[in-house]
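*Asks:* Below is one structure. I have some questions about it.
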Amino acid sequence: MAFEIPWDALAGGILLGISASVLLVMNGRIAGISGIVSGLLTPKQGEVSWRLLFVIGMLVSGLLAPAIGFTLPETLPVSSFLWVGLAGLLVGVGTKIGNGCTSGHGICGIGRLSKRSIVATCIFMGVAIATVFVRLHVL
């Protein structure tokens with residue numbers, strides 16, 4: 001069995017790192033997506049424009065990705081709206097309780113060697129592994 005390098009994942013990781021670094025260096029902001037979106041829902045003076053542009057950029061990049069060769073898998077997992085809605089609700093509650101999301105803690109926080117972010121990311125990963133196990137082997 002030959003080892004195949006996941007070029008799309010590597011390129012995506014590099015782009016995430018570059019974009020998080022640029023946002024931090026140029027604007028002094030952490031690229032925590034839940035915090036960025038939350039700031040749009042509870043706006044403060046002078047905080048809306050960069051947050052809105054960031055979210056628009058994420059949406060537009062998803063639309064433009066196929067034009068530069070990035071593709072989705074041919075088959076995507078099929079789930080009911082109930083499971084997707086429940087998962088989204090749990091992620092939202094978890095990001096509120098954990099004071100941040102995987103992008104804020106996992107990419108930016110670990111990059112800054114934040115102990116809180118390292119612990120949070122380990123908890124995220126442990127819960128994700130347990131969730132996949134339960135979903136595949138119990139339910």
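Naming scheme: A, B, ... for chains in displayed order of the structure tokens; residues 1 onward per chain; ligands 1 onward as shown.
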Would you mind writing down, as a PyMOL selection string, each residue of region 21-95 of chain A that DSSP on the backbone assigns to helix (DSSP H, G or I)?

*Replies:* chain A and resi 21-27+33-41+48-68+81-95

*Asks:* So which residues touch region 50-60 of chain A within 10 Å, counting only C-alpha atoms, skipping near sequence neighbours fewer than 2 positions away, as a PyMOL selection string?

*Replies:* chain A and resi 23+27+29+31+33+35-40+43+46-48+62-65

*Asks:* Please build the interface table for region 26-96 of chain A against region 115-134 of chain A with a cut-off of 12 Å, listing for each qualifying residue the nearest atom pair and the distance in Å to one decimal; count only C-alpha atoms, order rows by chain and increasing number, and write it as CSV.

*Replies:*
```
residue,atom,partner,partner_atom,distance
A:Gly32,CA,A:Ser117,CA,11.5
A:Ala87,CA,A:Thr131,CA,10.4
A:Leu90,CA,A:Thr131,CA,11.6
A:Val91,CA,A:Phe124,CA,10.1
A:Gly94,CA,A:Phe124,CA,9.1
A:Thr95,CA,A:Phe124,CA,9.9
```

*Asks:* Would you mind exporting the chosen residues as a CSV table (one decimal), in the first residue's frame, restricted to C-alpha atoms?

*Replies:*
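File written: out-v6.csv
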```csv
chain,number,residue,atom,x,y,z
A,32,GLY,CA,-11.5,32.4,16.2
A,87,ALA,CA,-24.6,18.8,16.1
A,90,LEU,CA,-23.9,21.3,20.6
A,91,VAL,CA,-21.0,22.9,18.8
A,94,GLY,CA,-19.5,24.0,23.4
A,95,THR,CA,-17.8,27.1,21.9
```

*Asks:* Restricting the calculation to only C-alpha atoms: of A:Val22, A:Leu82, A:Cys101, A:Leu139, which residue gets closest to Ser34 (chain A)?

*Replies:* A:Cys101
